[in-house]
Protein chains: 2
Amino acid sequence: MSRRSGILEFAVLGLLRESPMHGYELRKRLNTSLGVFRAFSYGTLYPCLKSLVANGWLVEEQGSAPDDAKAASLAGRRAKIVYRLTAEGKEHFEELLAHTGPDAWEDEHFAARFAFFGQTSRDVRMRVLEGRRSRLEERLEKMRASLARSRERERLDSYTLELQRHGMESVEREVRWLNELIESERAGRDRRTGPDQ
Amino acid sequence: MSRRSGILEFAVLGLLRESPMHGYELRKRLNTSLGVFRAFSYGTLYPCLKSLVANGWLVEEQGSAPDDAKAASLAGRRAKIVYRLTAEGKEHFEELLAHTGPDAWEDEHFAARFAFFGQTSRDVRMRVLEGRRSRLEERLEKMRASLARSRERERLDSYTLELQRHGMESVEREVRWLNELIESERAGRDRRTGPDQ
DNA sequence: TTCGTCATGTAATGGGTTACATGATTAC
DNA sequence: GTAATCATGTAACCCATTACATGACGAA
């Protein structure tokens with residue numbers, strides 16, 4: 001029941017929704033295709049998979065080597081364990097997709113949520129995008145305040161200042177990006193730009 | 001001897017080098033002035049301070065309330081504990097400043113290192129900046145490769161693609177930033193842009 | 001036959017947060 | 001006098017990594 005990591009659980013369920021996979025492959029997709037998430041290690045991934053199985057959200061299946069037909073008959077070979085999403089798992093994932101709590105737009109979660117926007121309803125997408133934006137604007141506010149404060153007091157050498165400036169610009173840039181996305185959602189983005197399954 | 005966190009230790013020593021401080025104030029500076037580092041909690045900071053004291057790099061001093069003169073005589077009051085860098089601590093910090101191992105340009109460390117560039121010799125600054133840049137270029141390489149790979153195979157919906165695109169742009173932007181900084185260092189940047197103590 | 005990569009797992013450890021406990025000082 | 005903020009600390013927990021252990025499979 002415990003021993004799960006929120007974002008990893010979410011990403012795993014999301015990836016497996018598209019198609020069944022074994023752990024090793026799952027990890028690669030977590031790093032590369034959806035390279036956005038940080039690279040989880042096997043020491044994290046495998047236990048997580050076990051716990052998802054224990055929850056009834058996944059089932060393990062004996063997938064065999066690359067060529068299924070030939071090897072299917074061999075009894076004792078250590079086959080790959082292919083994980084498949086159950087109906088309950090699908091349901092659970094959909095619930096997670098629908099959540100729009102504040103943590104949905106925190107740094108780590110947001111990328112994962114965004115990566116599965118293709119499966120997410122438009123109103124939820126909007127809430128998450130807008131939540132993230134206001135989160136970043138708060139942050140900007142604080143940065144500006146602290147910057148003003150330190151300017152008064154004449155602290156901060158040029159490097160510290162430069163670092164702060166660059167940090168603020170990054171955040172401002174993400175806000176602009178979000179603005180475009182929100183605009184595009186509002187304009188009715190059912191005409192997708194990509195193939196989308 | 002153990003129970004220290006690299007970046008936190010580094011930042012604490014660096015901040016205390018400028019002037020003695022107590023824990024609470026230290027934490028604020030960690031978050032706001034040098035807001036770049038993630039916000040460490042007291043549960044992390046205080047034990048870290050203790051261990052730095054145990055190493056002989058800091059000493060605790062009984063600082064009293066804002067006005068030192070008046071309160072100095074009161075015996076039993078729970079005074080603020082002001083931490084001051086020892087000679088050994090200063091030496092240790094200088095060693096840390098001189099390190100240019102690969103981890104110096106990893107995401108978390110880099111910001112901390114950069115924040116104390118004001119205390120860092122130019123050649124070390126150059127190595128760190130260039131190290132970071134090539135680190136990011138590696139990352140870009142991988143991102144491009146994986147993007148190309150997934151394009152072939154026709155995977156990835158528009159959102160995943162957009163996320164990836166934005167991620168790459170962020171990295172490219174940081175590379176440009178580093179280029180400017182490196183250029184500026186090379187051009188002989190002893191004429192600082194700011195007051196710098 | 002050996003090397004690289006695929007593939008699955010566990011135990012020890014690390015590095016950090018949260019929640020809690022305590023109390024002083026300042027502003028209203 | 002009471003609320004907010006300053007200030008210090010600890011214990012329990014969480015999440016994830018590292019190092020380790022195991023072994024199959026394909027290619028040189």
# chains A, B, ... in the order shown; residues from 1 in each chain; ligands from 1

$ closest_atom_pairs --of "chain D" --to "chain B" --cutoff "9 Å" --atoms "only C-alpha atoms (C1' of nucleotides)" --output "JSON lines"
{"residue": "D:DC6", "atom": "C1'", "partner": "B:Tyr24", "partner_atom": "CA", "distance": 8.0}
{"residue": "D:DA7", "atom": "C1'", "partner": "B:Tyr24", "partner_atom": "CA", "distance": 6.4}
{"residue": "D:DT8", "atom": "C1'", "partner": "B:Tyr46", "partner_atom": "CA", "distance": 7.9}
{"residue": "D:DG9", "atom": "C1'", "partner": "B:Tyr46", "partner_atom": "CA", "distance": 7.4}
{"residue": "D:DT10", "atom": "C1'", "partner": "B:Gly43", "partner_atom": "CA", "distance": 8.2}

$ interface_residues --of "chain C" --to "chain A" --cutoff "10 Å" --atoms "only C-alpha atoms (C1' of nucleotides)" --output "list in words"
DC6, DA7, DT8, DG9 and DT10 of chain C

$ write_last_selection --atoms "all heavy atoms" --output "mmCIF file, in the first residue's frame"
data_model
loop_
_atom_site.group_PDB
_atom_site.id
_atom_site.type_symbol
_atom_site.label_atom_id
_atom_site.label_comp_id
_atom_site.auth_asym_id
_atom_site.auth_seq_id
_atom_site.Cartn_x
_atom_site.Cartn_y
_atom_site.Cartn_z
ATOM 1 P P DC C 6 20.732 -2.530 -24.188
ATOM 2 O OP1 DC C 6 20.289 -1.973 -25.478
ATOM 3 O OP2 DC C 6 20.920 -1.639 -23.028
ATOM 4 O "O5'" DC C 6 19.734 -3.715 -23.810
ATOM 5 C "C5'" DC C 6 19.622 -4.826 -24.703
ATOM 6 C "C4'" DC C 6 19.111 -6.014 -23.921
ATOM 7 O "O4'" DC C 6 20.141 -6.487 -23.036
ATOM 8 C "C3'" DC C 6 17.902 -5.691 -23.033
ATOM 9 O "O3'" DC C 6 16.875 -6.607 -23.326
ATOM 10 C "C2'" DC C 6 18.444 -5.814 -21.619
ATOM 11 C "C1'" DC C 6 19.558 -6.817 -21.787
ATOM 12 N N1 DC C 6 20.626 -6.737 -20.765
ATOM 13 C C2 DC C 6 20.920 -7.843 -19.953
ATOM 14 O O2 DC C 6 20.263 -8.885 -20.101
ATOM 15 N N3 DC C 6 21.900 -7.747 -19.022
ATOM 16 C C4 DC C 6 22.587 -6.608 -18.890
ATOM 17 N N4 DC C 6 23.554 -6.563 -17.966
ATOM 18 C C5 DC C 6 22.318 -5.473 -19.710
ATOM 19 C C6 DC C 6 21.338 -5.572 -20.626
ATOM 20 P P DA C 7 15.445 -6.411 -22.857
ATOM 21 O OP1 DA C 7 14.581 -7.408 -23.500
ATOM 22 O OP2 DA C 7 15.184 -4.975 -23.057
ATOM 23 O "O5'" DA C 7 15.521 -6.690 -21.296
ATOM 24 C "C5'" DA C 7 15.420 -8.028 -20.833
ATOM 25 C "C4'" DA C 7 15.644 -8.114 -19.352
ATOM 26 O "O4'" DA C 7 17.025 -7.941 -19.014
ATOM 27 C "C3'" DA C 7 14.942 -7.093 -18.447
ATOM 28 O "O3'" DA C 7 13.658 -7.598 -18.110
ATOM 29 C "C2'" DA C 7 15.872 -7.026 -17.228
ATOM 30 C "C1'" DA C 7 17.057 -7.887 -17.610
ATOM 31 N N9 DA C 7 18.347 -7.371 -17.153
ATOM 32 C C8 DA C 7 19.024 -6.267 -17.594
ATOM 33 N N7 DA C 7 20.171 -6.051 -16.985
ATOM 34 C C5 DA C 7 20.243 -7.089 -16.064
ATOM 35 C C6 DA C 7 21.198 -7.444 -15.094
ATOM 36 N N6 DA C 7 22.326 -6.751 -14.879
ATOM 37 N N1 DA C 7 20.966 -8.550 -14.350
ATOM 38 C C2 DA C 7 19.846 -9.244 -14.553
ATOM 39 N N3 DA C 7 18.862 -9.021 -15.443
ATOM 40 C C4 DA C 7 19.131 -7.916 -16.165
ATOM 41 P P DT C 8 12.804 -6.945 -16.959
ATOM 42 O OP1 DT C 8 11.467 -7.556 -17.089
ATOM 43 O OP2 DT C 8 12.974 -5.493 -17.002
ATOM 44 O "O5'" DT C 8 13.461 -7.494 -15.621
ATOM 45 C "C5'" DT C 8 13.362 -8.875 -15.330
ATOM 46 C "C4'" DT C 8 13.934 -9.134 -13.971
ATOM 47 O "O4'" DT C 8 15.312 -8.716 -13.946
ATOM 48 C "C3'" DT C 8 13.255 -8.345 -12.851
ATOM 49 O "O3'" DT C 8 12.674 -9.259 -11.939
ATOM 50 C "C2'" DT C 8 14.395 -7.533 -12.216
ATOM 51 C "C1'" DT C 8 15.619 -8.303 -12.648
ATOM 52 N N1 DT C 8 16.857 -7.487 -12.676
ATOM 53 C C2 DT C 8 17.899 -7.846 -11.858
ATOM 54 O O2 DT C 8 17.870 -8.814 -11.125
ATOM 55 N N3 DT C 8 18.996 -7.028 -11.927
ATOM 56 C C4 DT C 8 19.150 -5.902 -12.723
ATOM 57 O O4 DT C 8 20.184 -5.247 -12.692
ATOM 58 C C5 DT C 8 18.025 -5.585 -13.557
ATOM 59 C C7 DT C 8 18.087 -4.384 -14.466
ATOM 60 C C6 DT C 8 16.947 -6.376 -13.499
ATOM 61 P P DG C 9 11.587 -8.804 -10.917
ATOM 62 O OP1 DG C 9 10.902 -9.986 -10.383
ATOM 63 O OP2 DG C 9 10.811 -7.719 -11.527
ATOM 64 O "O5'" DG C 9 12.514 -8.199 -9.767
ATOM 65 C "C5'" DG C 9 12.951 -9.148 -8.841
ATOM 66 C "C4'" DG C 9 14.247 -8.760 -8.218
ATOM 67 O "O4'" DG C 9 15.111 -7.989 -9.035
ATOM 68 C "C3'" DG C 9 14.142 -7.890 -6.981
ATOM 69 O "O3'" DG C 9 13.713 -8.715 -5.904
ATOM 70 C "C2'" DG C 9 15.597 -7.452 -6.802
ATOM 71 C "C1'" DG C 9 16.206 -7.677 -8.188
ATOM 72 N N9 DG C 9 16.977 -6.569 -8.710
ATOM 73 C C8 DG C 9 16.665 -5.701 -9.715
ATOM 74 N N7 DG C 9 17.610 -4.824 -9.975
ATOM 75 C C5 DG C 9 18.610 -5.145 -9.061
ATOM 76 C C6 DG C 9 19.891 -4.566 -8.853
ATOM 77 O O6 DG C 9 20.411 -3.614 -9.440
ATOM 78 N N1 DG C 9 20.569 -5.201 -7.838
ATOM 79 C C2 DG C 9 20.103 -6.272 -7.104
ATOM 80 N N2 DG C 9 20.898 -6.746 -6.164
ATOM 81 N N3 DG C 9 18.928 -6.835 -7.296
ATOM 82 C C4 DG C 9 18.231 -6.222 -8.280
ATOM 83 P P DT C 10 13.338 -8.034 -4.550
ATOM 84 O OP1 DT C 10 12.570 -9.058 -3.804
ATOM 85 O OP2 DT C 10 12.797 -6.699 -4.800
ATOM 86 O "O5'" DT C 10 14.751 -7.852 -3.825
ATOM 87 C "C5'" DT C 10 15.593 -8.975 -3.615
ATOM 88 C "C4'" DT C 10 16.785 -8.519 -2.783
ATOM 89 O "O4'" DT C 10 17.614 -7.641 -3.576
ATOM 90 C "C3'" DT C 10 16.386 -7.721 -1.543
ATOM 91 O "O3'" DT C 10 17.244 -8.160 -0.488
ATOM 92 C "C2'" DT C 10 16.645 -6.269 -1.961
ATOM 93 C "C1'" DT C 10 17.834 -6.421 -2.884
ATOM 94 N N1 DT C 10 17.989 -5.364 -3.906
ATOM 95 C C2 DT C 10 19.216 -4.757 -4.036
ATOM 96 O O2 DT C 10 20.173 -5.041 -3.344
ATOM 97 N N3 DT C 10 19.286 -3.800 -5.025
ATOM 98 C C4 DT C 10 18.275 -3.394 -5.867
ATOM 99 O O4 DT C 10 18.467 -2.532 -6.720
ATOM 100 C C5 DT C 10 17.010 -4.068 -5.676
ATOM 101 C C7 DT C 10 15.850 -3.696 -6.540
ATOM 102 C C6 DT C 10 16.930 -5.009 -4.719
#

$ interface_residues --of "chain A" --to "chain B" --cutoff "9 Å" --atoms "only C-alpha atoms" --output "ChimeraX atom specification"
/A:32-36,111,114-118,142-143,146-147,149-150,154-164,166-167,170,173-174,177,192-197

$ write_last_selection --atoms "N, CA, C and O atoms" --output "compact mmCIF listing (two decimals), in the first residue's frame"
# COMPACT_ATOMS: atom_id res chain seq x y z
N THR A 32 14.42 8.71 -21.88
CA THR A 32 14.67 9.26 -23.21
C THR A 32 13.42 9.84 -23.86
O THR A 32 13.25 11.05 -23.92
N SER A 33 12.54 8.98 -24.28
CA SER A 33 11.34 9.45 -24.97
C SER A 33 10.66 10.54 -24.16
O SER A 33 10.40 11.63 -24.64
N LEU A 34 10.41 10.22 -22.92
CA LEU A 34 9.83 11.22 -22.04
C LEU A 34 10.93 11.76 -21.14
O LEU A 34 10.76 11.87 -19.93
N GLY A 35 12.02 12.10 -21.75
CA GLY A 35 13.28 12.37 -21.06
C GLY A 35 13.17 13.45 -20.01
O GLY A 35 14.13 13.74 -19.29
N VAL A 36 12.03 14.02 -19.94
CA VAL A 36 11.80 15.14 -19.06
C VAL A 36 11.94 14.74 -17.59
O VAL A 36 12.57 15.43 -16.82
N ALA A 111 5.89 18.58 -15.21
CA ALA A 111 6.39 17.98 -16.45
C ALA A 111 5.69 16.66 -16.73
O ALA A 111 5.29 16.38 -17.87
N PHE A 114 2.15 17.31 -17.79
CA PHE A 114 2.12 17.85 -19.15
C PHE A 114 2.36 16.75 -20.18
O PHE A 114 1.71 16.72 -21.23
N ALA A 115 3.27 15.85 -19.85
CA ALA A 115 3.61 14.78 -20.79
C ALA A 115 2.39 13.92 -21.13
O ALA A 115 2.34 13.31 -22.20
N PHE A 116 1.44 13.88 -20.24
CA PHE A 116 0.24 13.08 -20.50
C PHE A 116 -1.00 13.93 -20.77
O PHE A 116 -2.12 13.46 -20.62
N PHE A 117 -0.76 15.14 -21.19
CA PHE A 117 -1.87 16.02 -21.54
C PHE A 117 -2.70 15.44 -22.68
O PHE A 117 -3.89 15.74 -22.80
N GLY A 118 -2.08 14.63 -23.49
CA GLY A 118 -2.79 13.99 -24.58
C GLY A 118 -3.96 13.15 -24.09
O GLY A 118 -4.95 12.95 -24.80
N LYS A 142 8.51 37.12 -5.58
CA LYS A 142 9.48 36.99 -4.49
C LYS A 142 10.89 37.34 -4.95
O LYS A 142 11.64 37.98 -4.23
N MET A 143 11.22 36.87 -6.14
CA MET A 143 12.57 37.13 -6.64
C MET A 143 12.79 38.63 -6.82
O MET A 143 13.82 39.16 -6.43
N SER A 146 13.17 40.29 -3.38
CA SER A 146 14.45 40.02 -2.74
C SER A 146 15.57 40.75 -3.49
O SER A 146 16.55 41.20 -2.90
N LEU A 147 15.41 40.85 -4.80
CA LEU A 147 16.41 41.54 -5.59
C LEU A 147 16.43 43.03 -5.22
O LEU A 147 17.49 43.62 -5.02
N ARG A 149 15.38 44.33 -2.43
CA ARG A 149 15.87 44.44 -1.06
C ARG A 149 17.40 44.45 -1.02
O ARG A 149 18.00 45.25 -0.33
N SER A 150 18.00 43.53 -1.79
CA SER A 150 19.46 43.45 -1.71
C SER A 150 20.12 44.61 -2.45
O SER A 150 21.23 45.01 -2.11
N GLU A 154 22.86 47.17 -0.87
CA GLU A 154 24.18 47.23 -1.53
C GLU A 154 24.97 45.93 -1.40
O GLU A 154 26.17 45.92 -1.56
N ARG A 155 24.27 44.84 -1.09
CA ARG A 155 24.97 43.56 -1.04
C ARG A 155 25.12 42.98 -2.45
O ARG A 155 24.81 43.64 -3.43
N LEU A 156 25.57 41.75 -2.53
CA LEU A 156 25.57 41.00 -3.78
C LEU A 156 26.61 41.46 -4.81
O LEU A 156 26.52 42.53 -5.37
N ASP A 157 27.56 40.62 -5.03
CA ASP A 157 28.54 40.94 -6.06
C ASP A 157 27.95 40.65 -7.45
O ASP A 157 26.85 40.15 -7.57
N SER A 158 28.70 40.92 -8.46
CA SER A 158 28.18 40.87 -9.81
C SER A 158 27.75 39.45 -10.21
O SER A 158 26.80 39.26 -10.95
N TYR A 159 28.45 38.44 -9.73
CA TYR A 159 28.11 37.07 -10.11
C TYR A 159 26.78 36.64 -9.50
O TYR A 159 25.93 36.07 -10.17
N THR A 160 26.63 36.92 -8.23
CA THR A 160 25.37 36.59 -7.57
C THR A 160 24.21 37.27 -8.28
O THR A 160 23.16 36.67 -8.52
N LEU A 161 24.45 38.52 -8.62
CA LEU A 161 23.45 39.29 -9.32
C LEU A 161 23.12 38.68 -10.67
O LEU A 161 21.95 38.51 -11.03
N GLU A 162 24.14 38.31 -11.38
CA GLU A 162 23.97 37.72 -12.70
C GLU A 162 23.19 36.40 -12.60
O GLU A 162 22.32 36.12 -13.42
N LEU A 163 23.52 35.62 -11.60
CA LEU A 163 22.83 34.35 -11.39
C LEU A 163 21.35 34.58 -11.15
O LEU A 163 20.48 33.91 -11.74
N GLN A 164 21.06 35.57 -10.32
CA GLN A 164 19.68 35.89 -10.00
C GLN A 164 18.94 36.38 -11.25
O GLN A 164 17.82 35.97 -11.51
N HIS A 166 19.63 35.75 -14.37
CA HIS A 166 19.41 34.63 -15.28
C HIS A 166 18.28 33.74 -14.80
O HIS A 166 17.46 33.28 -15.60
N GLY A 167 18.23 33.52 -13.51
CA GLY A 167 17.15 32.72 -12.94
C GLY A 167 15.80 33.34 -13.22
O GLY A 167 14.86 32.66 -13.65
N SER A 170 14.74 32.95 -16.78
CA SER A 170 14.25 31.60 -17.07
C SER A 170 12.79 31.47 -16.70
O SER A 170 11.99 30.90 -17.45
N ARG A 173 10.60 33.37 -18.98
CA ARG A 173 10.48 32.67 -20.25
C ARG A 173 9.43 31.55 -20.16
O ARG A 173 8.62 31.37 -21.06
N GLU A 174 9.45 30.82 -19.04
CA GLU A 174 8.46 29.76 -18.90
C GLU A 174 7.06 30.34 -18.82
O GLU A 174 6.11 29.74 -19.35
N TRP A 177 5.91 30.98 -22.23
CA TRP A 177 5.58 29.70 -22.86
C TRP A 177 4.19 29.25 -22.44
O TRP A 177 3.36 28.87 -23.28
N ARG A 192 -5.00 18.87 -33.49
CA ARG A 192 -3.68 18.62 -32.93
C ARG A 192 -2.62 18.82 -34.00
O ARG A 192 -2.86 18.64 -35.17
N THR A 193 -1.42 19.15 -33.51
CA THR A 193 -0.34 19.35 -34.47
C THR A 193 0.35 18.04 -34.84
O THR A 193 0.96 17.93 -35.88
N GLY A 194 0.25 17.06 -33.97
CA GLY A 194 0.96 15.79 -34.22
C GLY A 194 -0.02 14.67 -34.49
O GLY A 194 -1.24 14.87 -34.49
N PRO A 195 0.54 13.47 -34.72
CA PRO A 195 -0.29 12.31 -35.02
C PRO A 195 -1.19 11.92 -33.83
O PRO A 195 -2.36 11.65 -34.02
N ASP A 196 -0.63 11.91 -32.59
CA ASP A 196 -1.43 11.61 -31.41
C ASP A 196 -2.13 10.27 -31.48
O ASP A 196 -3.32 10.20 -31.77
N GLN A 197 -1.44 9.31 -31.18
CA GLN A 197 -1.78 7.87 -31.29
C GLN A 197 -2.14 7.46 -32.68
O GLN A 197 -3.11 7.20 -33.19

$ closest_residue --among "A:Gly89, A:Leu58, A:Lys50, A:Val82" --to "Leu26 (chain A)" --atoms "only C-alpha atoms"
A:Val82

$ select_by_dssp --residues "chain B" --states "alpha helix (DSSP H)" --output "PyMOL selection string"
chain B and resi 7-18+23-31+42-54+68-71+87-98+107-115+122-152+158-186

$ residues_around --residues "Leu52 (chain B)" --least-positions-apart "3" --cutoff "9 Å" --atoms "only C-alpha atoms (C1' of nucleotides)" --output "ChimeraX atom specification"
/B:1,4,9,13,47-49,55-59,89

$ write_last_selection --atoms "all heavy atoms" --output "short mmCIF file (atom, residue, chain, number, x, y, z; two decimals), in the first residue's frame"
data_model
loop_
_atom_site.label_atom_id
_atom_site.label_comp_id
_atom_site.auth_asym_id
_atom_site.auth_seq_id
_atom_site.Cartn_x
_atom_site.Cartn_y
_atom_site.Cartn_z
N MET B 1 31.86 13.70 11.56
CA MET B 1 32.64 13.54 10.33
C MET B 1 31.74 13.34 9.12
O MET B 1 32.02 13.76 8.02
CB MET B 1 33.60 12.35 10.47
CG MET B 1 34.72 12.33 9.45
SD MET B 1 35.97 13.61 9.69
CE MET B 1 36.97 12.84 10.99
N ARG B 4 26.93 15.31 6.18
CA ARG B 4 27.01 16.61 5.53
C ARG B 4 26.60 16.49 4.08
O ARG B 4 26.64 15.43 3.51
CB ARG B 4 28.42 17.17 5.63
CG ARG B 4 28.71 17.78 6.98
CD ARG B 4 30.17 18.07 7.14
NE ARG B 4 30.96 16.86 7.27
CZ ARG B 4 31.71 16.35 6.31
NH1 ARG B 4 31.78 16.93 5.14
NH2 ARG B 4 32.39 15.26 6.54
N GLU B 9 26.92 22.41 2.88
CA GLU B 9 28.18 22.72 3.56
C GLU B 9 28.92 23.84 2.85
O GLU B 9 29.34 24.82 3.47
CB GLU B 9 29.04 21.46 3.60
CG GLU B 9 30.45 21.70 4.07
CD GLU B 9 31.32 20.45 3.89
OE1 GLU B 9 30.83 19.34 4.17
OE2 GLU B 9 32.49 20.59 3.47
N LEU B 13 29.57 27.61 4.44
CA LEU B 13 30.92 28.14 4.63
C LEU B 13 31.10 29.43 3.84
O LEU B 13 31.67 30.40 4.34
CB LEU B 13 31.96 27.09 4.18
CG LEU B 13 32.02 25.82 5.03
CD1 LEU B 13 32.97 24.81 4.41
CD2 LEU B 13 32.42 26.14 6.46
N PRO B 47 21.57 20.46 12.00
CA PRO B 47 22.52 19.35 12.13
C PRO B 47 23.78 19.58 11.32
O PRO B 47 24.88 19.22 11.74
CB PRO B 47 21.73 18.16 11.58
CG PRO B 47 20.31 18.50 11.82
CD PRO B 47 20.23 19.98 11.62
N CYS B 48 23.63 20.17 10.16
CA CYS B 48 24.79 20.46 9.32
C CYS B 48 25.74 21.42 10.03
O CYS B 48 26.95 21.21 10.05
CB CYS B 48 24.33 21.05 7.99
SG CYS B 48 25.69 21.71 6.99
N LEU B 49 25.17 22.46 10.63
CA LEU B 49 25.99 23.42 11.37
C LEU B 49 26.75 22.71 12.50
O LEU B 49 27.94 22.94 12.69
CB LEU B 49 25.10 24.52 11.95
CG LEU B 49 24.61 25.55 10.93
CD1 LEU B 49 23.53 26.44 11.52
CD2 LEU B 49 25.76 26.39 10.42
N ASN B 55 33.78 19.60 13.05
CA ASN B 55 34.95 19.52 12.18
C ASN B 55 35.95 20.64 12.43
O ASN B 55 37.02 20.67 11.82
CB ASN B 55 34.53 19.57 10.71
CG ASN B 55 34.18 18.19 10.18
OD1 ASN B 55 35.05 17.46 9.76
ND2 ASN B 55 32.91 17.84 10.25
N GLY B 56 35.55 21.57 13.26
CA GLY B 56 36.45 22.67 13.57
C GLY B 56 36.43 23.78 12.53
O GLY B 56 37.29 24.65 12.53
N TRP B 57 35.44 23.73 11.66
CA TRP B 57 35.39 24.75 10.60
C TRP B 57 34.57 25.96 11.03
O TRP B 57 34.68 27.02 10.45
CB TRP B 57 34.83 24.14 9.32
CG TRP B 57 35.73 23.09 8.76
CD1 TRP B 57 37.10 23.07 8.84
CD2 TRP B 57 35.36 21.91 8.06
NE1 TRP B 57 37.59 21.95 8.23
CE2 TRP B 57 36.55 21.22 7.74
CE3 TRP B 57 34.13 21.36 7.65
CZ2 TRP B 57 36.55 20.02 7.03
CZ3 TRP B 57 34.13 20.18 6.95
CH2 TRP B 57 35.33 19.50 6.64
N LEU B 58 33.73 25.74 12.03
CA LEU B 58 32.96 26.85 12.58
C LEU B 58 33.14 26.85 14.09
O LEU B 58 33.45 25.81 14.68
CB LEU B 58 31.46 26.69 12.30
CG LEU B 58 30.97 26.54 10.87
CD1 LEU B 58 29.45 26.45 10.85
CD2 LEU B 58 31.48 27.68 10.01
N VAL B 59 32.92 28.00 14.70
CA VAL B 59 32.75 28.06 16.14
C VAL B 59 31.44 28.74 16.47
O VAL B 59 30.99 29.62 15.73
CB VAL B 59 33.91 28.82 16.85
CG1 VAL B 59 35.14 27.94 16.92
CG2 VAL B 59 34.21 30.12 16.13
N GLY B 89 38.33 26.53 8.79
CA GLY B 89 37.13 26.57 7.95
C GLY B 89 37.39 27.35 6.67
O GLY B 89 37.00 26.93 5.58
#

$ residues_around --residues "DG16 (chain C)" --least-positions-apart "6" --cutoff "10 Å" --atoms "only C-alpha atoms (C1' of nucleotides)" --output "list in words"
Ser5, Phe40, Ser41, Gly43 and Thr44 of chain B; DC14 and DC15 of chain D

$ write_last_selection --atoms "N, CA and C atoms (P, O5', C5', C4', C3', O3' and C1' of nucleotides)" --output "CSV table (one decimal), in the first residue's frame"
chain,number,residue,atom,x,y,z
B,5,SER,N,26.3,17.6,3.5
B,5,SER,CA,25.6,17.5,2.2
B,5,SER,C,26.3,18.2,1.1
B,40,PHE,N,16.6,24.8,2.0
B,40,PHE,CA,16.9,23.8,3.0
B,40,PHE,C,16.0,24.0,4.2
B,41,SER,N,15.6,22.9,4.8
B,41,SER,CA,14.8,23.1,6.1
B,41,SER,C,15.7,23.1,7.3
B,43,GLY,N,15.6,21.3,9.8
B,43,GLY,CA,16.0,19.9,10.0
B,43,GLY,C,17.3,19.5,9.3
B,44,THR,N,17.6,20.2,8.3
B,44,THR,CA,18.8,19.9,7.5
B,44,THR,C,19.9,20.8,8.0
D,14,DC,P,6.6,7.3,5.6
D,14,DC,O5',6.8,8.2,4.3
D,14,DC,C5',7.5,9.5,4.5
D,14,DC,C4',8.2,9.9,3.2
D,14,DC,C3',8.1,8.9,2.1
D,14,DC,O3',7.9,9.6,0.9
D,14,DC,C1',10.4,9.2,2.6
D,15,DC,P,7.2,9.0,-0.3
D,15,DC,O5',8.3,9.2,-1.5
D,15,DC,C5',9.0,10.5,-1.6
D,15,DC,C4',10.4,10.2,-2.0
D,15,DC,C3',10.5,9.2,-3.2
D,15,DC,O3',10.8,10.0,-4.3
D,15,DC,C1',12.2,8.9,-1.6

$ residues_around --residues "DT1 (chain C)" --least-positions-apart "2" --cutoff "12 Å" --atoms "only C-alpha atoms (C1' of nucleotides)" --output "PDB file with C-alpha atoms (C1' of nucleotides), in the first residue's frame"
ATOM      1  C1'  DC C   3      32.256  -8.944 -23.700  1.00  0.00           C
TER       2       DC C   3
ATOM      3  C1'  DA D  27      27.968 -10.828 -31.392  1.00  0.00           C
ATOM      4  C1'  DA D  28      33.050 -10.671 -31.978  1.00  0.00           C
TER       5       DA D  28
END

$ residues_around --residues "Glu108 (chain A)" --least-positions-apart "4" --cutoff "10 Å" --atoms "only C-alpha atoms (C1' of nucleotides)" --output "ChimeraX atom specification"
/A:7,36-38,103-104,112-113

$ write_last_selection --atoms "N, CA, C and O atoms" --output "mmCIF file, in the first residue's frame"
data_model
loop_
_atom_site.group_PDB
_atom_site.id
_atom_site.type_symbol
_atom_site.label_atom_id
_atom_site.label_comp_id
_atom_site.auth_asym_id
_atom_site.auth_seq_id
_atom_site.Cartn_x
_atom_site.Cartn_y
_atom_site.Cartn_z
ATOM 1 N N ILE A 7 4.978 10.683 -8.623
ATOM 2 C CA ILE A 7 5.295 10.953 -10.013
ATOM 3 C C ILE A 7 5.713 9.706 -10.782
ATOM 4 O O ILE A 7 5.287 9.518 -11.916
ATOM 5 N N VAL A 36 12.030 14.020 -19.944
ATOM 6 C CA VAL A 36 11.799 15.138 -19.063
ATOM 7 C C VAL A 36 11.942 14.743 -17.593
ATOM 8 O O VAL A 36 12.565 15.432 -16.821
ATOM 9 N N PHE A 37 11.307 13.647 -17.232
ATOM 10 C CA PHE A 37 11.441 13.171 -15.862
ATOM 11 C C PHE A 37 12.898 12.855 -15.610
ATOM 12 O O PHE A 37 13.598 12.420 -16.482
ATOM 13 N N ARG A 38 13.306 13.007 -14.408
ATOM 14 C CA ARG A 38 14.648 12.589 -14.060
ATOM 15 C C ARG A 38 14.750 11.084 -14.198
ATOM 16 O O ARG A 38 13.755 10.364 -14.126
ATOM 17 N N ASP A 103 -0.168 20.557 -5.992
ATOM 18 C CA ASP A 103 1.089 19.902 -6.306
ATOM 19 C C ASP A 103 1.171 19.520 -7.785
ATOM 20 O O ASP A 103 2.247 19.214 -8.285
ATOM 21 N N ALA A 104 0.028 19.555 -8.465
ATOM 22 C CA ALA A 104 0.047 19.227 -9.894
ATOM 23 C C ALA A 104 0.922 20.190 -10.672
ATOM 24 O O ALA A 104 1.401 19.875 -11.741
ATOM 25 N N ALA A 112 5.540 15.854 -15.692
ATOM 26 C CA ALA A 112 4.879 14.566 -15.860
ATOM 27 C C ALA A 112 3.422 14.765 -16.283
ATOM 28 O O ALA A 112 2.923 14.089 -17.187
ATOM 29 N N ARG A 113 2.758 15.688 -15.618
ATOM 30 C CA ARG A 113 1.371 15.958 -15.976
ATOM 31 C C ARG A 113 1.269 16.402 -17.429
ATOM 32 O O ARG A 113 0.429 15.936 -18.195
#

$ closest_residue --among "B:Val128, B:Leu96, B:Leu45, B:Ala54" --to "Leu8 (chain B)" --atoms "only C-alpha atoms"
B:Leu45
